[in-house]
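Working notes for the structure below.
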Number of protein chains: 2
Amino acid sequence: MNETPIERLLTAGLKVFAERGFREATVRDICARAGTNISSIRYYFASKEMLYREVLAYSFREADRKYPQLAFSDESLPPNDRLKIFIRNLLMRLLDESDLGFHARLMAREIAEPTEALHFIIDTVMKPRFMILRELIPQLVEETLDQTDIDRVIHCIIGQCLVFRHSKPMIERLCPEVISSPEAIDRTADMIIRFSLGGLRGIDLSKGGLP
Amino acid sequence: MNETPIERLLTAGLKVFAERGFREATVRDICARAGTNISSIRYYFASKEMLYREVLAYSFREADRKYPQLAFSDESLPPNDRLKIFIRNLLMRLLDESDLGFHARLMAREIAEPTEALHFIIDTVMKPRFMILRELIPQLVEETLDQTDIDRVIHCIIGQCLVFRHSKPMIERLCPEVISSPEAIDRTADMIIRFSLGGLRGIDLSKGGLP
DNA sequence: CTTGCGTTCAAACATCTGTTTGAATAGGAT
DNA sequence: ATCCTATTCAAACAGATGTTTGAACGCAAG
């Protein structure tokens, strides 16, 4: 127990909230894993909900520390490479099974079942990256797309990454090999990149196919 | 109240389970919406969990009734068309906002946070379609892919559809227009189809890009 | 040593929730 | 009318869980 009770509660809370969701997580469980008394949450965080907010903030700090996305934002790189970096980085974050895996799970939870904290997450974490993709995608297709179609393309791309986190239980039953090792995950990232670059090309080729 | 208590409990249960998840759903809430006494769940279904299983089964029956997937299984159709049908059908199911919307939400929940019922769902609902895709995809790419890469491609495709359901709260904050109307959803389906067909072509074009 | 403060602890409390119970009700068959 | 069965009902029960409490502990300052 070399960490402070506050740190232990944050890491334990991250795990439990990620694994069971806010409601299913019990303060008794969190305190047990943190090795603290049950009343420590009240003492240090006032309530379970306040602890949850602190855990969210802590989780984001850790994620950005471990997988910084500087290269993706580098406008001097070719758009192609920037997209590759983005996809690989996103998939790695999502499937990281160290402590960061809990961050991805927590985020997936917030996206699927928002608490009041979602708006904060979107505005501070998602939106900046989304805006970068908005200016990146048009550089990768010849046809000029309207904003809404660009947004659709963006979701086609991130959807391919998200599915490997969101549908993990299903994947592990149907075809676990696709993400069963770091090499497999790497190959999955390659596949998403090839598929996405092809998809972007496909949009150009099939133009006029729509009214 | 022209329906039987059993029917009312099933529809009410579907809504509440879909909106709040198994654990957060309360039998009192379900019974209130169904207009039945609190002990009716025990009387007709033995327990909350048994009700949940029956709701799942009921939900699948309704989904298959409303969006049958016969054409997708028709091996006499060109592979291209079968994929288009599959994508459009899946997206429609996922974004249907009638009673069926609850089905999609319920399924998304099961996929993300499996109960013991997940295995049943996968084996009876997902797997058959997955197996069809497994024989369909190779017909759409020239390069011969191994099984694992085929499974990756499959998830790239369904991931593009799933994201519009799973990340709906985020989409509605960042770019609601992409799924804000039946026409918009239709156009999203078109985009996924173009993107996927392009992606499949891209796999051929970029072969050799991997070790 | 005594005091004071931050911290830890076990027990109790209040509420919510799934389940159970036993009586009340209704409707049809005899 | 009587009986039987199926159904409905309100109340109670039991367990889990977030919160609260007040005492105990430890340690540094005076």
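Every chain in the structure tokens has a letter given in the order shown (A, B, ...), and although residue numbers restart at 1 in each chain, ligands are simply numbered from 1 in the order shown.
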Do me a favour and pick out the residues of chain B within 6 Å of chain A, using only C-alpha atoms, as a short mmCIF file (atom, residue, chain, number, x, y, z; two decimals) with all heavy atoms, in the first residue's frame.
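File produced: iface-v3.cif:
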data_model
loop_
_atom_site.label_atom_id
_atom_site.label_comp_id
_atom_site.auth_asym_id
_atom_site.auth_seq_id
_atom_site.Cartn_x
_atom_site.Cartn_y
_atom_site.Cartn_z
N ILE B 111 -24.90 -7.48 -26.32
CA ILE B 111 -23.60 -7.63 -26.95
C ILE B 111 -22.53 -6.97 -26.08
O ILE B 111 -21.46 -7.53 -25.86
CB ILE B 111 -23.61 -7.00 -28.35
CG1 ILE B 111 -24.51 -7.82 -29.27
CG2 ILE B 111 -22.20 -6.94 -28.92
CD1 ILE B 111 -24.70 -7.21 -30.62
N ALA B 112 -22.83 -5.80 -25.58
CA ALA B 112 -21.83 -5.06 -24.81
C ALA B 112 -21.65 -5.64 -23.42
O ALA B 112 -20.54 -5.69 -22.90
CB ALA B 112 -22.21 -3.59 -24.73
N THR B 148 -9.41 -15.85 -40.82
CA THR B 148 -9.36 -14.75 -39.86
C THR B 148 -9.50 -13.39 -40.54
O THR B 148 -10.19 -12.50 -40.03
CB THR B 148 -8.03 -14.80 -39.07
OG1 THR B 148 -7.84 -16.11 -38.56
CG2 THR B 148 -8.07 -13.82 -37.92
N CYS B 156 -15.56 -5.28 -40.08
CA CYS B 156 -15.45 -3.93 -40.63
C CYS B 156 -16.79 -3.49 -41.19
O CYS B 156 -17.20 -2.34 -41.05
CB CYS B 156 -14.37 -3.89 -41.73
SG CYS B 156 -12.69 -3.92 -41.08
N GLY B 159 -19.50 -3.32 -38.32
CA GLY B 159 -19.14 -2.23 -37.42
C GLY B 159 -19.64 -0.89 -37.92
O GLY B 159 -20.08 -0.05 -37.13
N GLN B 160 -19.61 -0.72 -39.22
CA GLN B 160 -20.10 0.54 -39.79
C GLN B 160 -21.59 0.73 -39.51
O GLN B 160 -22.06 1.85 -39.34
CB GLN B 160 -19.86 0.56 -41.30
CG GLN B 160 -18.41 0.62 -41.68
CD GLN B 160 -18.24 0.56 -43.18
OE1 GLN B 160 -18.59 1.48 -43.89
NE2 GLN B 160 -17.71 -0.55 -43.66
N VAL B 163 -22.20 1.17 -35.38
CA VAL B 163 -21.80 2.43 -34.77
C VAL B 163 -22.94 3.43 -34.74
O VAL B 163 -23.04 4.24 -33.81
CB VAL B 163 -20.57 3.03 -35.50
CG1 VAL B 163 -20.94 3.50 -36.88
CG2 VAL B 163 -19.97 4.16 -34.69
N HIS B 166 -24.90 2.23 -31.67
CA HIS B 166 -24.16 2.25 -30.42
C HIS B 166 -23.76 3.65 -30.01
O HIS B 166 -23.81 4.02 -28.84
CB HIS B 166 -22.92 1.38 -30.57
CG HIS B 166 -22.87 0.26 -29.61
ND1 HIS B 166 -22.87 -1.05 -30.01
CD2 HIS B 166 -22.84 0.25 -28.27
CE1 HIS B 166 -22.86 -1.82 -28.94
NE2 HIS B 166 -22.83 -1.05 -27.88
N SER B 167 -23.35 4.42 -30.95
CA SER B 167 -22.84 5.76 -30.63
C SER B 167 -23.90 6.83 -30.84
O SER B 167 -23.58 7.99 -31.00
CB SER B 167 -21.62 6.07 -31.50
OG SER B 167 -20.68 5.03 -31.40
N VAL B 178 -27.05 13.03 -39.73
CA VAL B 178 -26.77 11.82 -40.48
C VAL B 178 -27.81 10.73 -40.29
O VAL B 178 -27.91 9.81 -41.09
CB VAL B 178 -25.36 11.25 -40.14
CG1 VAL B 178 -24.29 12.27 -40.41
CG2 VAL B 178 -25.31 10.74 -38.72
N ARG B 194 -21.52 1.87 -50.36
CA ARG B 194 -20.45 2.34 -51.25
C ARG B 194 -19.09 2.16 -50.57
O ARG B 194 -18.13 1.68 -51.18
CB ARG B 194 -20.65 3.83 -51.58
CG ARG B 194 -21.81 4.12 -52.49
CD ARG B 194 -22.24 5.57 -52.39
NE ARG B 194 -21.38 6.47 -53.16
CZ ARG B 194 -21.41 7.79 -53.05
NH1 ARG B 194 -22.24 8.37 -52.20
NH2 ARG B 194 -20.64 8.55 -53.79
N PHE B 195 -19.05 2.55 -49.33
CA PHE B 195 -17.79 2.48 -48.59
C PHE B 195 -17.32 1.03 -48.48
O PHE B 195 -16.13 0.73 -48.65
CB PHE B 195 -17.99 3.09 -47.20
CG PHE B 195 -16.72 3.49 -46.52
CD1 PHE B 195 -16.21 4.76 -46.67
CD2 PHE B 195 -16.05 2.59 -45.71
CE1 PHE B 195 -15.04 5.14 -46.02
CE2 PHE B 195 -14.88 2.96 -45.06
CZ PHE B 195 -14.37 4.24 -45.22
N SER B 196 -18.25 0.12 -48.22
CA SER B 196 -17.88 -1.28 -48.04
C SER B 196 -17.45 -1.93 -49.35
O SER B 196 -16.46 -2.67 -49.39
CB SER B 196 -19.05 -2.06 -47.44
OG SER B 196 -19.31 -1.60 -46.13
N GLY B 198 -16.22 -0.41 -51.85
CA GLY B 198 -14.90 0.16 -52.10
C GLY B 198 -13.84 -0.47 -51.22
O GLY B 198 -12.74 -0.78 -51.68
N GLY B 199 -14.19 -0.71 -49.98
CA GLY B 199 -13.25 -1.32 -49.06
C GLY B 199 -12.85 -2.71 -49.52
O GLY B 199 -11.68 -3.08 -49.46
N GLY B 202 -10.55 -2.31 -52.18
CA GLY B 202 -9.27 -1.83 -51.66
C GLY B 202 -8.40 -2.95 -51.11
O GLY B 202 -7.18 -2.88 -51.15
N ILE B 203 -9.02 -3.99 -50.60
CA ILE B 203 -8.24 -5.12 -50.09
C ILE B 203 -7.47 -5.78 -51.22
O ILE B 203 -6.31 -6.15 -51.06
CB ILE B 203 -9.19 -6.12 -49.40
CG1 ILE B 203 -9.67 -5.52 -48.09
CG2 ILE B 203 -8.48 -7.43 -49.15
CD1 ILE B 203 -10.69 -6.34 -47.40
#
- prompt: Excluding same-chain residues fewer than 3 positions from DC4 (chain D), what lies within 12 Å of it counting only C-alpha atoms (C1' of nucleotides), as an MDAnalysis selection string?
  reply: chainID C and resid 26:30
Please produce an output containing C-alpha atoms (C1' of nucleotides) for each residue in the selection, written as an mmCIF file, in the first residue's frame.
data_model
loop_
_atom_site.group_PDB
_atom_site.id
_atom_site.type_symbol
_atom_site.label_atom_id
_atom_site.label_comp_id
_atom_site.auth_asym_id
_atom_site.auth_seq_id
_atom_site.Cartn_x
_atom_site.Cartn_y
_atom_site.Cartn_z
ATOM 1 C "C1'" DA C 26 -64.499 -13.234 -10.408
ATOM 2 C "C1'" DG C 27 -66.517 -16.405 -13.449
ATOM 3 C "C1'" DG C 28 -67.932 -20.709 -14.918
ATOM 4 C "C1'" DA C 29 -69.417 -25.630 -14.014
ATOM 5 C "C1'" DT C 30 -72.297 -28.663 -11.370
#
Between chain D and region 1-24 of chain C, at 8 Å or less, what are the per-residue closest atom pairs and their distances in Å? Count only C-alpha atoms (C1' of nucleotides), order by chain and rising residue number, and return it as a tab-separated table.
residue	atom	partner	partner_atom	distance
D:DC9	C1'	C:DA24	C1'	7.5
D:DA12	C1'	C:DT21	C1'	7.9
D:DC13	C1'	C:DT20	C1'	7.3
D:DT20	C1'	C:DC13	C1'	7.3
D:DT21	C1'	C:DA12	C1'	7.9
D:DA24	C1'	C:DC9	C1'	7.5
D:DC25	C1'	C:DT8	C1'	7.3
So that I have them on file, write out the residues from the current selection with C-alpha atoms (C1' of nucleotides), as a short mmCIF file (atom, residue, chain, number, x, y, z; two decimals), in the first residue's frame.
data_model
loop_
_atom_site.label_atom_id
_atom_site.label_comp_id
_atom_site.auth_asym_id
_atom_site.auth_seq_id
_atom_site.Cartn_x
_atom_site.Cartn_y
_atom_site.Cartn_z
"C1'" DC D 9 -54.38 -7.55 -4.90
"C1'" DA D 12 -45.00 -8.00 4.39
"C1'" DC D 13 -40.34 -10.07 4.00
"C1'" DT D 20 -24.21 8.17 8.21
"C1'" DT D 21 -22.46 8.01 12.81
"C1'" DA D 24 -10.98 4.54 18.19
"C1'" DC D 25 -6.43 5.19 16.46
#
Closest atom pairs, chain A residues within 9 Å of chain C, only C-alpha atoms (C1' of nucleotides), as a Markdown table:
| residue | atom | partner | partner_atom | distance |
| --- | --- | --- | --- | --- |
| A:Thr36 | CA | C:DT8 | C1' | 8.3 |
| A:Asn37 | CA | C:DC9 | C1' | 6.8 |
| A:Ile38 | CA | C:DC9 | C1' | 8.8 |
| A:Ser39 | CA | C:DC9 | C1' | 8.6 |
| A:Ser40 | CA | C:DT8 | C1' | 8.2 |
May I have the selected residues written with all heavy atoms, as a compact mmCIF listing (two decimals), in the first residue's frame?
# COMPACT_ATOMS: atom_id res chain seq x y z
N THR A 36 -9.52 -0.06 1.55
CA THR A 36 -9.90 1.03 2.45
C THR A 36 -11.23 0.70 3.12
O THR A 36 -11.95 -0.20 2.69
CB THR A 36 -10.07 2.36 1.70
OG1 THR A 36 -11.22 2.26 0.84
CG2 THR A 36 -8.84 2.68 0.86
N ASN A 37 -11.52 1.43 4.12
CA ASN A 37 -12.79 1.25 4.82
C ASN A 37 -13.93 1.79 3.97
O ASN A 37 -13.76 2.66 3.12
CB ASN A 37 -12.76 1.98 6.16
CG ASN A 37 -14.02 1.72 6.94
OD1 ASN A 37 -14.99 2.47 6.87
ND2 ASN A 37 -14.03 0.63 7.68
N ILE A 38 -15.12 1.26 4.24
CA ILE A 38 -16.27 1.62 3.42
C ILE A 38 -16.57 3.12 3.46
O ILE A 38 -17.08 3.68 2.49
CB ILE A 38 -17.50 0.82 3.85
CG1 ILE A 38 -18.69 1.20 2.98
CG2 ILE A 38 -17.83 1.07 5.32
CD1 ILE A 38 -19.73 0.19 2.90
N SER A 39 -16.27 3.73 4.55
CA SER A 39 -16.63 5.15 4.65
C SER A 39 -15.58 6.07 4.01
O SER A 39 -15.72 7.28 4.04
CB SER A 39 -16.84 5.55 6.10
OG SER A 39 -15.65 5.32 6.82
N SER A 40 -14.55 5.47 3.43
CA SER A 40 -13.49 6.31 2.85
C SER A 40 -14.00 7.09 1.64
O SER A 40 -13.53 8.19 1.36
CB SER A 40 -12.30 5.45 2.45
OG SER A 40 -12.69 4.44 1.56
Taking only C-alpha atoms (C1' of nucleotides) into account, produce a table as a tab-separated table in which each residue of chain A with an atom at most 10 Å from an atom of chain D appears once, together with its shortest atom pair and the distance in Å to one decimal, ordered by chain and rising number.
residue	atom	partner	partner_atom	distance
A:Thr26	CA	D:DT17	C1'	7.2
A:Val27	CA	D:DG18	C1'	7.6
A:Arg28	CA	D:DT17	C1'	8.5
A:Ser39	CA	D:DT19	C1'	8.5
A:Arg42	CA	D:DT19	C1'	8.1
A:Ala46	CA	D:DT19	C1'	9.9
A:Ser47	CA	D:DG18	C1'	8.3
A:Lys48	CA	D:DG18	C1'	7.7
Could you save those same residues with N, CA, C and O atoms as a tab-separated table (two decimals), in the first residue's frame?
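Heads up, here's the output in again20.tsv:
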chain	number	residue	atom	x	y	z
A	26	THR	N	-20.52	-1.50	-6.66
A	26	THR	CA	-20.87	-1.22	-5.26
A	26	THR	C	-19.68	-0.59	-4.56
A	26	THR	O	-18.52	-0.93	-4.83
A	27	VAL	N	-19.98	0.32	-3.68
A	27	VAL	CA	-18.90	0.98	-2.95
A	27	VAL	C	-18.15	-0.02	-2.09
A	27	VAL	O	-16.94	0.12	-1.87
A	28	ARG	N	-18.84	-1.03	-1.62
A	28	ARG	CA	-18.15	-2.05	-0.83
A	28	ARG	C	-17.08	-2.75	-1.66
A	28	ARG	O	-15.97	-3.02	-1.19
A	39	SER	N	-16.27	3.73	4.55
A	39	SER	CA	-16.63	5.15	4.65
A	39	SER	C	-15.58	6.07	4.01
A	39	SER	O	-15.72	7.28	4.04
A	42	ARG	N	-16.96	8.41	1.24
A	42	ARG	CA	-17.59	9.63	1.75
A	42	ARG	C	-16.53	10.61	2.25
A	42	ARG	O	-16.61	11.81	2.02
A	46	ALA	N	-17.00	12.46	-0.92
A	46	ALA	CA	-18.35	12.90	-0.57
A	46	ALA	C	-19.42	11.88	-0.95
A	46	ALA	O	-20.36	11.65	-0.20
A	47	SER	N	-19.32	11.26	-2.13
A	47	SER	CA	-20.35	10.29	-2.51
A	47	SER	C	-19.84	9.42	-3.64
A	47	SER	O	-18.82	9.70	-4.27
A	48	LYS	N	-20.59	8.38	-3.92
A	48	LYS	CA	-20.24	7.47	-5.01
A	48	LYS	C	-20.22	8.21	-6.35
A	48	LYS	O	-19.34	8.00	-7.18
task: DSSP on the backbone, then: every residue of region 20-177 of chain B marked alpha helix (DSSP H), written as a ChimeraX atom specification.
output: /B:20-24,27-34,40-45,48-66,70-73,79-95,99-112,117-121,127-136,147-166,168-174
statement: Expressed in Å, the length from CA of Arg129 (chain A) to CA of Met107 (chain A) is 15.0 Å
query: Got a sec: who's within 8 Å of Thr11 (chain B), counting only C-alpha atoms (C1' of nucleotides), leaving out chain neighbours fewer than 4 positions off, as a VMD selection string?
result: chain B and resid 7 15 34 55
Restricting the output to N, CA and C atoms, write the selected residues as a CSV table (one decimal), in the first residue's frame.
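Wrote selection38.csv, looks like this:
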chain,number,residue,atom,x,y,z
B,7,GLU,N,-49.1,-10.5,-22.4
B,7,GLU,CA,-48.6,-9.7,-23.5
B,7,GLU,C,-48.2,-8.3,-23.0
B,15,LYS,N,-39.7,-2.6,-23.2
B,15,LYS,CA,-39.3,-1.2,-23.2
B,15,LYS,C,-38.4,-0.9,-22.0
B,34,ALA,N,-47.4,-2.1,-17.4
B,34,ALA,CA,-48.3,-3.1,-17.9
B,34,ALA,C,-49.7,-3.0,-17.3
B,55,VAL,N,-38.8,-12.0,-22.8
B,55,VAL,CA,-38.8,-10.8,-23.5
B,55,VAL,C,-37.8,-10.8,-24.6
